[in-house]
>>> print(open('target37.cif').read())   # mmCIF, C-alpha atoms
data_target
#
loop_
_atom_site.label_atom_id
_atom_site.label_comp_id
_atom_site.auth_asym_id
_atom_site.auth_seq_id
_atom_site.Cartn_x
_atom_site.Cartn_y
_atom_site.Cartn_z
CA MET A 259 0.00 0.00 0.00
CA LYS A 260 2.67 2.43 -0.99
CA SER A 261 1.34 5.79 -2.18
CA THR A 262 2.40 7.07 -5.57
CA HIS A 263 2.62 10.54 -4.09
CA LEU A 264 6.36 10.47 -3.42
CA VAL A 265 8.09 13.73 -2.67
CA THR A 266 11.84 14.05 -2.59
CA ALA A 267 13.52 15.69 0.35
CA ALA A 268 14.51 18.62 -1.80
CA VAL A 269 10.95 19.19 -2.98
CA ALA A 270 9.47 18.63 0.48
CA ALA A 271 11.82 21.15 2.02
CA VAL A 272 10.34 23.83 -0.23
CA ALA A 273 7.14 23.46 1.75
CA LEU A 274 8.89 25.11 4.67
CA SER A 275 9.11 28.36 2.80
CA VAL A 276 5.40 28.44 1.96
CA PRO A 277 3.39 29.46 5.04
CA LEU A 278 -0.02 27.92 5.44
CA THR A 279 -2.81 30.00 6.84
CA LEU A 280 -5.09 27.24 8.04
CA VAL A 281 -5.00 27.11 11.82
CA ALA A 282 -6.00 23.80 13.37
CA SER A 283 -7.38 25.31 16.55
CA ALA A 284 -9.68 27.47 14.47
CA ALA A 285 -11.33 24.54 12.70
CA PRO A 286 -15.12 24.98 12.63
CA ALA A 287 -16.98 23.45 15.53
CA ALA A 288 -19.73 22.09 13.29
CA ALA A 289 -19.26 19.88 10.26
CA HIS A 290 -21.12 17.66 7.84
CA ARG A 291 -22.47 14.77 9.88
CA PRO A 292 -24.40 12.58 7.41
CA GLY A 293 -27.17 10.40 8.72
CA HIS A 294 -26.95 11.32 12.40
CA ALA A 295 -29.40 13.25 14.51
CA LYS A 296 -28.23 16.06 16.77
CA LYS A 297 -26.55 14.76 19.96
CA ASP A 298 -26.54 11.22 18.57
CA THR A 299 -22.79 11.17 17.98
CA LEU A 300 -19.79 11.52 20.25
CA ARG A 301 -18.65 14.81 18.74
CA GLU A 302 -22.13 16.33 19.05
CA ALA A 303 -22.33 15.27 22.70
CA ALA A 304 -18.90 16.61 23.63
CA PRO A 305 -18.58 19.88 25.58
CA LYS A 306 -17.51 22.93 23.62
CA GLY A 307 -13.74 23.01 23.24
CA PHE A 308 -13.31 19.32 24.07
CA TYR A 309 -11.94 17.21 21.21
CA ILE A 310 -13.04 13.60 20.89
CA GLY A 311 -10.77 11.73 18.51
CA THR A 312 -9.77 8.43 16.96
CA ALA A 313 -6.94 6.95 14.95
CA ALA A 314 -7.39 6.88 11.17
CA ALA A 315 -6.69 3.24 10.31
CA GLY A 316 -3.96 2.48 7.81
CA GLY A 317 -0.34 1.45 7.33
CA GLY A 318 1.48 -0.79 9.77
CA HIS A 319 -0.23 -4.13 10.42
CA HIS A 320 -3.13 -3.21 8.12
CA GLU A 321 -0.90 -3.82 5.10
CA GLU A 322 -0.63 -7.49 6.12
CA GLN A 323 -4.38 -8.03 6.55
CA PRO A 324 -6.85 -9.41 3.95
CA TYR A 325 -8.58 -6.08 3.31
CA PRO A 326 -7.75 -2.91 1.38
CA ASP A 327 -6.63 0.27 3.08
CA PRO A 328 -9.46 1.13 5.51
CA PHE A 329 -9.17 4.91 5.39
CA THR A 330 -9.46 5.19 1.62
CA SER A 331 -11.62 2.18 0.71
CA ASP A 332 -14.30 1.67 3.40
CA GLN A 333 -17.01 4.27 2.84
CA GLN A 334 -19.04 3.37 5.94
CA TYR A 335 -15.86 3.69 7.99
CA ARG A 336 -15.14 7.11 6.50
CA LYS A 337 -18.70 8.24 7.12
CA LEU A 338 -18.49 7.36 10.81
CA LEU A 339 -14.97 8.76 11.13
CA ALA A 340 -16.35 12.12 10.00
CA ALA A 341 -19.58 11.96 11.95
CA GLU A 342 -18.38 10.74 15.33
CA PHE A 343 -15.07 12.53 15.89
CA SER A 344 -13.70 16.05 16.04
CA SER A 345 -10.04 14.95 16.01
CA VAL A 346 -8.11 12.37 13.99
CA SER A 347 -4.66 10.83 14.49
CA PRO A 348 -2.84 9.00 11.69
CA GLU A 349 -2.42 5.49 13.08
CA ASN A 350 0.78 4.71 11.16
CA GLN A 351 0.85 7.07 8.20
CA MET A 352 3.17 9.65 9.79
CA LYS A 353 5.56 7.18 11.40
CA TRP A 354 9.10 7.00 10.04
CA ASP A 355 8.88 3.58 8.37
CA TYR A 356 5.81 4.64 6.41
CA LEU A 357 6.74 8.24 5.71
CA ARG A 358 10.42 7.65 4.85
CA PRO A 359 10.84 4.57 2.61
CA ASP A 360 14.42 5.75 2.00
CA ARG A 361 16.58 8.63 3.11
CA ASP A 362 15.82 10.92 0.19
CA THR A 363 12.12 10.15 -0.26
CA TYR A 364 9.02 11.27 1.63
CA ASN A 365 5.79 9.33 1.15
CA PHE A 366 3.33 12.10 2.05
CA GLY A 367 0.36 10.87 0.03
CA MET A 368 -1.70 9.22 2.76
CA ALA A 369 -0.85 11.77 5.43
CA ASP A 370 -1.96 14.52 3.07
CA LYS A 371 -5.26 12.72 2.52
CA ILE A 372 -5.90 12.47 6.26
CA VAL A 373 -5.15 16.14 6.84
CA LYS A 374 -7.39 17.11 3.91
CA PHE A 375 -10.19 14.84 5.19
CA ALA A 376 -9.97 16.45 8.62
CA ARG A 377 -10.18 19.96 7.19
CA GLN A 378 -13.19 19.04 5.07
CA ASN A 379 -14.98 17.64 8.12
CA GLY A 380 -14.15 20.35 10.65
CA GLN A 381 -11.69 18.17 12.54
CA VAL A 382 -8.29 18.84 14.08
CA VAL A 383 -5.31 16.52 13.63
CA ARG A 384 -2.85 15.02 16.11
CA GLY A 385 0.53 14.33 14.48
CA HIS A 386 2.10 11.00 15.47
CA THR A 387 5.14 10.78 15.83
CA LEU A 388 8.57 12.46 15.34
CA LEU A 389 11.10 10.78 17.67
CA TRP A 390 10.55 7.12 18.57
CA HIS A 391 12.49 3.89 19.02
CA SER A 392 10.02 1.76 17.07
CA GLN A 393 8.77 1.54 13.47
CA ASN A 394 11.93 3.12 12.11
CA PRO A 395 13.08 2.11 8.61
CA ALA A 396 16.03 -0.26 8.15
CA TRP A 397 17.99 2.39 6.25
CA LEU A 398 17.96 4.51 9.40
CA GLU A 399 18.58 1.85 12.05
CA GLN A 400 21.23 0.00 10.04
CA GLY A 401 22.75 2.90 8.13
CA GLY A 402 25.90 3.29 10.22
CA PHE A 403 25.53 7.05 10.27
CA THR A 404 27.85 9.34 12.21
CA LYS A 405 26.45 11.42 15.04
CA GLU A 406 26.57 14.50 12.84
CA GLU A 407 24.67 12.70 10.06
CA LEU A 408 22.02 11.39 12.44
CA ARG A 409 21.45 14.82 13.92
CA LYS A 410 21.12 16.30 10.46
CA ILE A 411 18.66 13.57 9.40
CA LEU A 412 16.42 14.14 12.44
CA ARG A 413 16.48 17.93 12.15
CA GLU A 414 15.68 17.82 8.45
CA HIS A 415 12.87 15.31 9.05
CA ILE A 416 11.19 17.36 11.77
CA LEU A 417 11.50 20.66 9.90
CA THR A 418 10.17 19.10 6.70
CA VAL A 419 7.27 17.11 8.17
CA VAL A 420 6.08 19.63 10.76
CA GLY A 421 6.67 22.46 8.32
CA ARG A 422 4.63 20.78 5.62
CA TYR A 423 1.57 20.76 7.88
CA GLN A 424 2.18 24.11 9.53
CA GLY A 425 -1.11 25.47 10.83
CA ARG A 426 -2.96 22.19 10.16
CA ILE A 427 -1.77 20.00 13.06
CA GLN A 428 -3.20 20.87 16.47
CA GLN A 429 -0.89 18.67 18.57
CA TRP A 430 2.30 16.71 17.82
CA ASP A 431 3.61 13.68 19.68
CA VAL A 432 7.18 14.94 19.44
CA ALA A 433 8.89 12.40 21.70
CA ASN A 434 7.16 9.03 21.98
CA GLU A 435 7.87 6.34 24.61
CA ILE A 436 11.36 7.51 25.54
CA PHE A 437 11.37 5.93 29.04
CA ASN A 438 11.16 2.28 30.07
CA GLU A 439 9.06 1.00 32.97
CA ALA A 440 11.88 1.77 35.44
CA GLY A 441 11.89 5.41 34.39
CA GLN A 442 15.17 5.12 32.49
CA LEU A 443 15.77 6.43 28.99
CA ARG A 444 15.42 3.64 26.42
CA SER A 445 18.76 2.39 25.11
CA GLU A 446 17.01 1.03 22.02
CA ASN A 447 16.08 4.58 20.97
CA ILE A 448 18.62 5.33 18.23
CA TRP A 449 18.39 9.07 18.72
CA ILE A 450 19.00 9.05 22.46
CA ARG A 451 21.55 6.24 22.34
CA GLU A 452 23.68 7.84 19.63
CA LEU A 453 23.12 11.55 20.27
CA GLY A 454 22.47 11.69 24.01
CA PRO A 455 19.40 12.85 25.99
CA GLY A 456 19.85 16.45 24.84
CA ILE A 457 18.43 15.49 21.44
CA VAL A 458 14.97 15.39 22.99
CA ALA A 459 15.09 19.12 23.75
CA ASP A 460 16.37 19.77 20.23
CA ALA A 461 13.45 17.85 18.73
CA PHE A 462 10.98 20.08 20.58
CA ARG A 463 12.84 23.21 19.52
CA TRP A 464 12.90 22.15 15.87
CA ALA A 465 9.21 21.26 15.89
CA HIS A 466 8.37 24.63 17.43
CA GLN A 467 10.52 26.35 14.82
CA ALA A 468 8.62 24.59 12.04
CA ASP A 469 5.16 25.36 13.49
CA PRO A 470 5.04 27.83 16.41
CA ARG A 471 1.28 27.30 16.85
CA ALA A 472 1.28 23.53 17.25
CA LYS A 473 1.11 22.08 20.76
CA LEU A 474 4.07 19.79 21.43
CA PHE A 475 3.65 16.68 23.59
CA PHE A 476 5.43 13.81 25.28
CA ASN A 477 3.42 10.62 24.75
CA ASP A 478 3.71 7.16 26.34
CA TYR A 479 1.91 4.04 27.52
CA GLY A 480 2.00 2.83 31.12
CA VAL A 481 1.97 6.38 32.47
CA GLU A 482 -1.67 6.43 33.53
CA SER A 483 -0.72 6.02 37.20
CA VAL A 484 1.80 7.70 39.46
CA ASN A 485 4.79 5.42 38.91
CA ALA A 486 8.47 5.42 37.97
CA LYS A 487 7.79 6.17 34.33
CA SER A 488 5.38 9.06 34.87
CA ASP A 489 7.69 10.40 37.61
CA ALA A 490 10.53 10.42 35.06
CA TYR A 491 8.43 12.46 32.66
CA LEU A 492 7.46 14.89 35.39
CA ALA A 493 11.09 15.46 36.33
CA LEU A 494 12.25 15.79 32.72
CA ILE A 495 9.52 18.24 31.79
CA LYS A 496 10.34 20.41 34.80
CA GLU A 497 13.98 20.43 33.70
CA LEU A 498 13.15 21.24 30.09
CA ARG A 499 10.70 23.96 31.01
CA ALA A 500 13.38 25.54 33.21
CA GLN A 501 15.53 25.64 30.07
CA ARG A 502 12.66 27.28 28.16
CA VAL A 503 12.23 24.29 25.86
CA PRO A 504 8.78 24.54 24.21
CA VAL A 505 7.05 21.56 25.83
CA HIS A 506 3.30 22.13 25.93
CA GLY A 507 1.75 18.85 26.92
CA PHE A 508 1.89 15.34 28.36
CA SER A 509 -0.33 12.52 27.17
CA ALA A 510 -1.15 9.04 28.39
CA GLN A 511 -1.90 6.49 25.70
CA ALA A 512 -4.13 4.35 27.94
CA HIS A 513 -3.93 0.96 26.20
CA LEU A 514 -5.84 -0.84 28.95
CA SER A 515 -6.81 -4.46 29.57
CA THR A 516 -9.54 -5.99 31.69
CA ARG A 517 -6.89 -8.46 32.88
CA TYR A 518 -5.70 -5.70 35.16
CA GLY A 519 -7.36 -3.25 37.48
CA PHE A 520 -8.27 0.23 36.32
CA PRO A 521 -5.60 2.89 37.05
CA GLY A 522 -7.59 4.62 39.75
CA ASP A 523 -5.07 7.43 40.21
CA LEU A 524 -5.30 8.55 36.57
CA GLN A 525 -6.89 11.88 37.43
CA VAL A 526 -4.37 12.52 40.20
CA ASN A 527 -1.53 11.77 37.84
CA LEU A 528 -2.82 14.00 35.04
CA GLN A 529 -3.36 16.76 37.58
CA ARG A 530 0.36 16.69 38.45
CA PHE A 531 1.15 17.73 34.89
CA ASP A 532 -1.72 20.19 34.75
CA ASP A 533 -0.21 21.84 37.84
CA LEU A 534 2.87 22.56 35.71
CA ARG A 535 0.56 24.54 33.42
CA LEU A 536 0.78 21.84 30.76
CA GLU A 537 -2.01 20.55 28.59
CA THR A 538 -2.78 16.87 29.08
CA ALA A 539 -4.49 14.34 26.84
CA ILE A 540 -5.58 10.74 26.46
CA THR A 541 -4.27 9.71 23.08
CA GLU A 542 -4.65 5.99 22.32
CA LEU A 543 -7.36 4.51 24.53
CA ASP A 544 -8.58 0.99 23.95
CA VAL A 545 -9.66 -1.69 26.42
CA ARG A 546 -8.82 -5.23 25.35
CA MET A 547 -10.19 -8.39 26.93
CA ASP A 548 -9.62 -12.16 26.90
CA LEU A 549 -12.20 -13.48 24.48
CA PRO A 550 -14.23 -16.60 25.39
CA GLU A 551 -14.23 -19.60 23.07
CA GLY A 552 -16.22 -18.53 20.04
CA GLY A 553 -14.87 -14.98 20.17
CA ALA A 554 -17.92 -13.12 21.47
CA PRO A 555 -17.48 -11.15 24.72
CA THR A 556 -19.93 -11.71 27.55
CA GLU A 557 -22.27 -9.03 28.85
CA ALA A 558 -20.14 -8.83 31.99
CA GLN A 559 -17.01 -8.25 29.93
CA LEU A 560 -18.69 -5.52 27.90
CA ALA A 561 -19.90 -3.87 31.10
CA GLN A 562 -16.38 -3.90 32.57
CA GLN A 563 -14.99 -2.50 29.37
CA ALA A 564 -17.58 0.28 29.35
CA ASP A 565 -16.65 1.11 32.93
CA TYR A 566 -12.97 1.48 31.98
CA TYR A 567 -13.80 3.73 29.03
CA GLN A 568 -16.12 5.88 31.13
CA ARG A 569 -13.68 6.26 34.02
CA THR A 570 -10.84 7.22 31.69
CA LEU A 571 -12.97 9.91 30.07
CA ASP A 572 -14.24 11.13 33.44
CA ALA A 573 -10.66 11.49 34.75
CA CYS A 574 -9.70 13.60 31.74
CA LEU A 575 -12.78 15.79 31.97
CA LYS A 576 -12.02 16.57 35.62
CA VAL A 577 -8.59 18.00 34.79
CA ASP A 578 -8.82 21.58 33.57
CA ASP A 579 -6.55 21.41 30.53
CA CYS A 580 -7.24 17.83 29.45
CA ASN A 581 -9.16 18.79 26.33
CA SER A 582 -8.17 16.05 23.88
CA PHE A 583 -9.41 12.47 24.22
CA THR A 584 -8.56 9.95 21.51
CA ILE A 585 -9.54 6.30 21.21
CA TRP A 586 -7.19 4.09 19.19
CA GLY A 587 -9.65 2.99 16.54
CA PHE A 588 -13.40 2.84 16.94
CA THR A 589 -14.31 -0.50 15.33
CA ASP A 590 -13.04 -4.02 16.01
CA LYS A 591 -12.94 -4.50 12.23
CA TYR A 592 -9.60 -2.68 12.08
CA SER A 593 -8.24 -2.92 15.64
CA TRP A 594 -4.55 -3.60 16.13
CA VAL A 595 -5.18 -5.59 19.31
CA PRO A 596 -5.87 -9.12 17.97
CA VAL A 597 -2.78 -8.86 15.76
CA PHE A 598 -0.45 -8.09 18.68
CA PHE A 599 -2.22 -9.72 21.67
CA GLU A 600 -3.08 -13.35 20.96
CA GLY A 601 -6.43 -14.35 22.43
CA GLU A 602 -7.41 -10.77 23.25
CA GLY A 603 -9.66 -8.45 21.29
CA SER A 604 -13.00 -6.61 21.16
CA ALA A 605 -11.06 -3.58 22.38
CA THR A 606 -12.93 -0.73 20.69
CA VAL A 607 -16.34 0.91 21.13
CA MET A 608 -17.96 -0.60 18.01
CA THR A 609 -18.29 -4.13 16.66
CA GLU A 610 -16.88 -5.21 13.30
CA ASP A 611 -20.17 -4.22 11.62
CA PHE A 612 -20.11 -0.82 13.37
CA GLY A 613 -22.65 -1.67 16.06
CA ARG A 614 -22.37 0.52 19.14
CA LYS A 615 -21.18 -1.31 22.25
CA PRO A 616 -21.95 -0.36 25.87
CA ALA A 617 -18.55 1.40 25.88
CA TYR A 618 -19.73 3.74 23.13
CA HIS A 619 -22.88 4.64 25.03
CA ALA A 620 -20.87 5.14 28.23
CA LEU A 621 -18.66 7.67 26.45
CA ARG A 622 -21.57 9.52 24.88
CA THR A 623 -23.53 9.72 28.12
CA THR A 624 -20.48 11.01 29.99
CA LEU A 625 -19.83 13.64 27.31
CA GLU A 626 -23.46 14.77 27.42
CA LYS A 627 -23.38 15.17 31.20
CA ALA A 628 -20.12 17.10 31.02
CA GLY A 629 -21.56 19.35 28.33
CA LYS A 630 -24.54 20.24 30.50
CA LYS A 631 -22.29 21.08 33.46
CA ARG A 632 -20.09 23.38 31.34
CA ARG A 633 -22.99 25.36 29.91
#
>>> encode(input="target37.cif", output="structure tokens")
Amino acid sequence: MKSTHLVTAAVAAVALSVPLTLVASAAPAAAHRPGHAKKDTLREAAPKGFYIGTAAAGGGHHEEQPYPDPFTSDQQYRKLLAAEFSSVSPENQMKWDYLRPDRDTYNFGMADKIVKFARQNGQVVRGHTLLWHSQNPAWLEQGGFTKEELRKILREHILTVVGRYQGRIQQWDVANEIFNEAGQLRSENIWIRELGPGIVADAFRWAHQADPRAKLFFNDYGVESVNAKSDAYLALIKELRAQRVPVHGFSAQAHLSTRYGFPGDLQVNLQRFDDLRLETAITELDVRMDLPEGGAPTEAQLAQQADYYQRTLDACLKVDDCNSFTIWGFTDKYSWVPVFFEGEGSATVMTEDFGRKPAYHALRTTLEKAGKKRR
């Protein structure tokens, strides 16, 4: 599923010199919502200024599945993507291995389509991601580059990609999953391992240079609770802010499982970052479960899942500057979970035929109640 829209680095860099006037935060609050009555969708139920989002399926594991690209080929999927959500995140289409098939080529075609789709439907976009240890192309990981070359590659990538979408990306996951569970910087991260921890600050500075209006985030899984990993982010952000590095937000992915208890201190943890005058967000929420023989979840499992979705949303809504809430896919038809977690699934808020689960209704009811309180 490789797009024919290939742009060389030299051509892409020209985009930096052409300012775009479309500002993501100014996207219209209302949009075309075909076939849905008022207040019958998540985005209609959400309080004013609160973005409810999902990942736009494509790239990554989808290319190995027996179906065409979901984002471009499934019209019912596209209809619901537009109707239900006010924010979209490219699931894989802006990651290095998809966007950079080789050093001198940018594959912007699909990312461009997502950004255009969002604009047409009054949605904002979360960019994902710029500096990560995973889903990097072989030419980068195995290229044997010098430190100077690696630094130049990263700088050029950030300036080109962020600059291309200047004014059209609301939030960027600049640094993704840089700490392990012990709160130590990941040695498998090529950028940090080869260039040192200072490269993280540089990545934020370069992203801000390319788009001064975009909100720049740290993003990770396993940081829903107060723990070693979230403590490490808190300490690092304090240090970077003291150095006037443009860090604007902290986000918890929230890939949850009913195998484990709900992170009951989620609100407390998000509040710690809010107290630093940062924006916070939930960026990749899903709730997987162990499926019974036959593959259909029980009513009890669906009720527990709905509870986890509702409590995650409620925690975000109770933190002043947690205004972006994204679920990682909305239908089991295209969920990443069964591909990566054997025996687990049914992790999203809709069935494979787009039926609304109890988790969907729990989210919508919670959004409606929050909207009434804020009026």
>>> closest_atom_pairs(input="target37.cif", of="range 336-387 of chain A", to="range 426-434 of chain A", cutoff="6 Å", atoms="all atoms listed in the file", output="Markdown table")
| residue | atom | partner | partner_atom | distance |
| --- | --- | --- | --- | --- |
| A:Val382 | CA | A:Gln428 | CA | 6.0 |
| A:Val383 | CA | A:Ile427 | CA | 5.0 |
| A:Arg384 | CA | A:Gln429 | CA | 4.8 |
| A:Gly385 | CA | A:Trp430 | CA | 4.5 |
| A:His386 | CA | A:Asp431 | CA | 5.2 |
| A:Thr387 | CA | A:Asp431 | CA | 5.1 |
>>> resolve_selection(input="target37.cif", expression="the PyMOL selection byres ((chain A and resi 499-509) around 10)", output="ChimeraX atom specification")
/A:429-432,434,458-467,470,472-479,481-482,488,491-492,494-498,510-512,528,531-532,534-542,579-580,582-583
>>> closest_residue(input="target37.cif", among="A:Arg471, A:Lys371, A:Lys306, A:Lys353", to="Phe329 in chain A", atoms="all atoms listed in the file")
A:Lys371
>>> atom_distance(input="target37.cif", atom1="CA of Gln559 in chain A", atom2="CA of Thr516 in chain A")
8.0 Å
>>> residues_around(input="target37.cif", residues="Tyr335 in chain A", least_positions_apart="5", cutoff="12 Å", atoms="only C-alpha atoms", output="mmCIF file with C-alpha atoms, keeping the file's coordinate frame")
data_model
loop_
_atom_site.group_PDB
_atom_site.id
_atom_site.type_symbol
_atom_site.label_atom_id
_atom_site.label_comp_id
_atom_site.auth_asym_id
_atom_site.auth_seq_id
_atom_site.Cartn_x
_atom_site.Cartn_y
_atom_site.Cartn_z
ATOM 1 C CA THR A 312 -9.770 8.430 16.960
ATOM 2 C CA ALA A 313 -6.940 6.950 14.950
ATOM 3 C CA ALA A 314 -7.390 6.880 11.170
ATOM 4 C CA ALA A 315 -6.690 3.240 10.310
ATOM 5 C CA GLY A 316 -3.960 2.480 7.810
ATOM 6 C CA ASP A 327 -6.630 0.270 3.080
ATOM 7 C CA PRO A 328 -9.460 1.130 5.510
ATOM 8 C CA PHE A 329 -9.170 4.910 5.390
ATOM 9 C CA THR A 330 -9.460 5.190 1.620
ATOM 10 C CA ALA A 340 -16.350 12.120 10.000
ATOM 11 C CA ALA A 341 -19.580 11.960 11.950
ATOM 12 C CA GLU A 342 -18.380 10.740 15.330
ATOM 13 C CA PHE A 343 -15.070 12.530 15.890
ATOM 14 C CA GLY A 587 -9.650 2.990 16.540
ATOM 15 C CA PHE A 588 -13.400 2.840 16.940
ATOM 16 C CA THR A 589 -14.310 -0.500 15.330
ATOM 17 C CA ASP A 590 -13.040 -4.020 16.010
ATOM 18 C CA LYS A 591 -12.940 -4.500 12.230
ATOM 19 C CA TYR A 592 -9.600 -2.680 12.080
ATOM 20 C CA MET A 608 -17.960 -0.600 18.010
ATOM 21 C CA THR A 609 -18.290 -4.130 16.660
ATOM 22 C CA GLU A 610 -16.880 -5.210 13.300
ATOM 23 C CA ASP A 611 -20.170 -4.220 11.620
ATOM 24 C CA PHE A 612 -20.110 -0.820 13.370
ATOM 25 C CA GLY A 613 -22.650 -1.670 16.060
#
>>> residues_around(input="target37.cif", residues="Ile450 in chain A", least_positions_apart="5", cutoff="10 Å", atoms="only C-alpha atoms", output="PyMOL selection string")
chain A and resi 389-391+436+443-445+455-458
>>> closest_residue(input="target37.cif", among="A:Asp565, A:Glu557, A:Glu407, A:Asp548", to="Leu621 in chain A", atoms="all atoms listed in the file")
A:Asp565
>>> resolve_selection(input="target37.cif", expression="the PyMOL selection byres ((chain A and resi 381) around 7)", output="list in words")
Ala285, Ser344, Ser345, Val346, Ala376, Arg377, Asn379, Gly380, Val382 and Val383 of chain A
>>> atom_distance(input="target37.cif", atom1="CA of Gln424 in chain A", atom2="CA of Asn394 in chain A")
23.3 Å
>>> closest_residue(input="target37.cif", among="A:Arg301, A:Arg622, A:Arg358, A:Lys630", to="Val419 in chain A", atoms="only C-alpha atoms")
A:Arg358
>>> atom_distance(input="target37.cif", atom1="CA of His319 in chain A", atom2="CA of Pro395 in chain A")
14.8 Å
>>> residues_around(input="target37.cif", residues="Lys405 in chain A", least_positions_apart="3", cutoff="10 Å", atoms="all atoms listed in the file", output="list in words")
Gly402, Leu408, Arg409, Lys410, Ile411, Trp449, Glu452, Leu453 and Gly454 of chain A
>>> closest_residue(input="target37.cif", among="A:Arg546, A:Arg517, A:Ile585, A:Ser392", to="Phe598 in chain A", atoms="only C-alpha atoms")
A:Arg546
>>> residues_around(input="target37.cif", residues="Leu560 in chain A", least_positions_apart="5", cutoff="9 Å", atoms="only C-alpha atoms", output="VMD selection string")
chain A and resid 555 565 604 615 to 617
>>> write_last_selection(input="target37.cif", atoms="C-alpha atoms", output="mmCIF file, in the frame of the given file")
data_model
loop_
_atom_site.group_PDB
_atom_site.id
_atom_site.type_symbol
_atom_site.label_atom_id
_atom_site.label_comp_id
_atom_site.auth_asym_id
_atom_site.auth_seq_id
_atom_site.Cartn_x
_atom_site.Cartn_y
_atom_site.Cartn_z
ATOM 1 C CA PRO A 555 -17.480 -11.150 24.720
ATOM 2 C CA ASP A 565 -16.650 1.110 32.930
ATOM 3 C CA SER A 604 -13.000 -6.610 21.160
ATOM 4 C CA LYS A 615 -21.180 -1.310 22.250
ATOM 5 C CA PRO A 616 -21.950 -0.360 25.870
ATOM 6 C CA ALA A 617 -18.550 1.400 25.880
#
>>> closest_residue(input="target37.cif", among="A:Gly317, A:Ser347, A:Ser593, A:Thr624", to="Ala564 in chain A", atoms="all atoms listed in the file")
A:Thr624
>>> residues_near_point(input="target37.cif", point="(-5.7, 8.4, 37.9)", cutoff="6 Å", atoms="only C-alpha atoms", output="list of chain:residue names")
A:Ser483, A:Pro521, A:Gly522, A:Asp523, A:Leu524, A:Gln525, A:Val526, A:Asn527
>>> closest_residue(input="target37.cif", among="A:Gln351, A:Cys574, A:Pro596, A:Gly603", to="Tyr309 in chain A", atoms="all atoms listed in the file")
A:Cys574
>>> resolve_selection(input="target37.cif", expression="the PyMOL selection byres ((chain A and resi 626) around 12)", output="number ranges by chain")
A: 296-306, 308, 571-572, 575, 619-625, 627-633
>>> residues_around(input="target37.cif", residues="Ser515 in chain A", least_positions_apart="6", cutoff="9 Å", atoms="all atoms listed in the file", output="ChimeraX atom specification")
/A:544-548,563,566,602,605
>>> write_last_selection(input="target37.cif", atoms="C-alpha atoms", output="short mmCIF file (atom, residue, chain, number, x, y, z; two decimals), in the coordinates of the input")
data_model
loop_
_atom_site.label_atom_id
_atom_site.label_comp_id
_atom_site.auth_asym_id
_atom_site.auth_seq_id
_atom_site.Cartn_x
_atom_site.Cartn_y
_atom_site.Cartn_z
CA ASP A 544 -8.58 0.99 23.95
CA VAL A 545 -9.66 -1.69 26.42
CA ARG A 546 -8.82 -5.23 25.35
CA MET A 547 -10.19 -8.39 26.93
CA ASP A 548 -9.62 -12.16 26.90
CA GLN A 563 -14.99 -2.50 29.37
CA TYR A 566 -12.97 1.48 31.98
CA GLU A 602 -7.41 -10.77 23.25
CA ALA A 605 -11.06 -3.58 22.38
#
>>> build_atoms(input="target37.cif", residues="range 577-584 of chain A", atoms="N, CA, C and O atoms", output="PDB file, in the frame of the given file")
ATOM      1  N   VAL A 577      -9.843  17.246  34.779  1.00  0.00           N
ATOM      2  CA  VAL A 577      -8.590  18.000  34.790  1.00  0.00           C
ATOM      3  C   VAL A 577      -8.739  19.177  33.826  1.00  0.00           C
ATOM      4  O   VAL A 577      -9.101  18.988  32.661  1.00  0.00           O
ATOM      5  N   ASP A 578      -8.464  20.362  34.301  1.00  0.00           N
ATOM      6  CA  ASP A 578      -8.820  21.580  33.570  1.00  0.00           C
ATOM      7  C   ASP A 578      -8.354  21.594  32.117  1.00  0.00           C
ATOM      8  O   ASP A 578      -9.121  21.908  31.213  1.00  0.00           O
ATOM      9  N   ASP A 579      -7.086  21.295  31.881  1.00  0.00           N
ATOM     10  CA  ASP A 579      -6.550  21.410  30.530  1.00  0.00           C
ATOM     11  C   ASP A 579      -6.353  20.064  29.845  1.00  0.00           C
ATOM     12  O   ASP A 579      -5.476  19.911  28.993  1.00  0.00           O
ATOM     13  N   CYS A 580      -7.180  19.084  30.201  1.00  0.00           N
ATOM     14  CA  CYS A 580      -7.240  17.830  29.450  1.00  0.00           C
ATOM     15  C   CYS A 580      -8.406  17.976  28.479  1.00  0.00           C
ATOM     16  O   CYS A 580      -9.553  17.682  28.820  1.00  0.00           O
ATOM     17  N   ASN A 581      -8.112  18.443  27.298  1.00  0.00           N
ATOM     18  CA  ASN A 581      -9.160  18.790  26.330  1.00  0.00           C
ATOM     19  C   ASN A 581      -9.102  17.963  25.053  1.00  0.00           C
ATOM     20  O   ASN A 581      -9.773  18.290  24.075  1.00  0.00           O
ATOM     21  N   SER A 582      -8.295  16.904  25.058  1.00  0.00           N
ATOM     22  CA  SER A 582      -8.170  16.050  23.880  1.00  0.00           C
ATOM     23  C   SER A 582      -8.216  14.599  24.328  1.00  0.00           C
ATOM     24  O   SER A 582      -7.408  14.177  25.158  1.00  0.00           O
ATOM     25  N   PHE A 583      -9.155  13.844  23.780  1.00  0.00           N
ATOM     26  CA  PHE A 583      -9.410  12.470  24.220  1.00  0.00           C
ATOM     27  C   PHE A 583      -9.568  11.599  22.981  1.00  0.00           C
ATOM     28  O   PHE A 583     -10.544  11.729  22.239  1.00  0.00           O
ATOM     29  N   THR A 584      -8.594  10.728  22.744  1.00  0.00           N
ATOM     30  CA  THR A 584      -8.560   9.950  21.510  1.00  0.00           C
ATOM     31  C   THR A 584      -8.605   8.461  21.813  1.00  0.00           C
ATOM     32  O   THR A 584      -7.833   7.964  22.637  1.00  0.00           O
TER      33      THR A 584
END
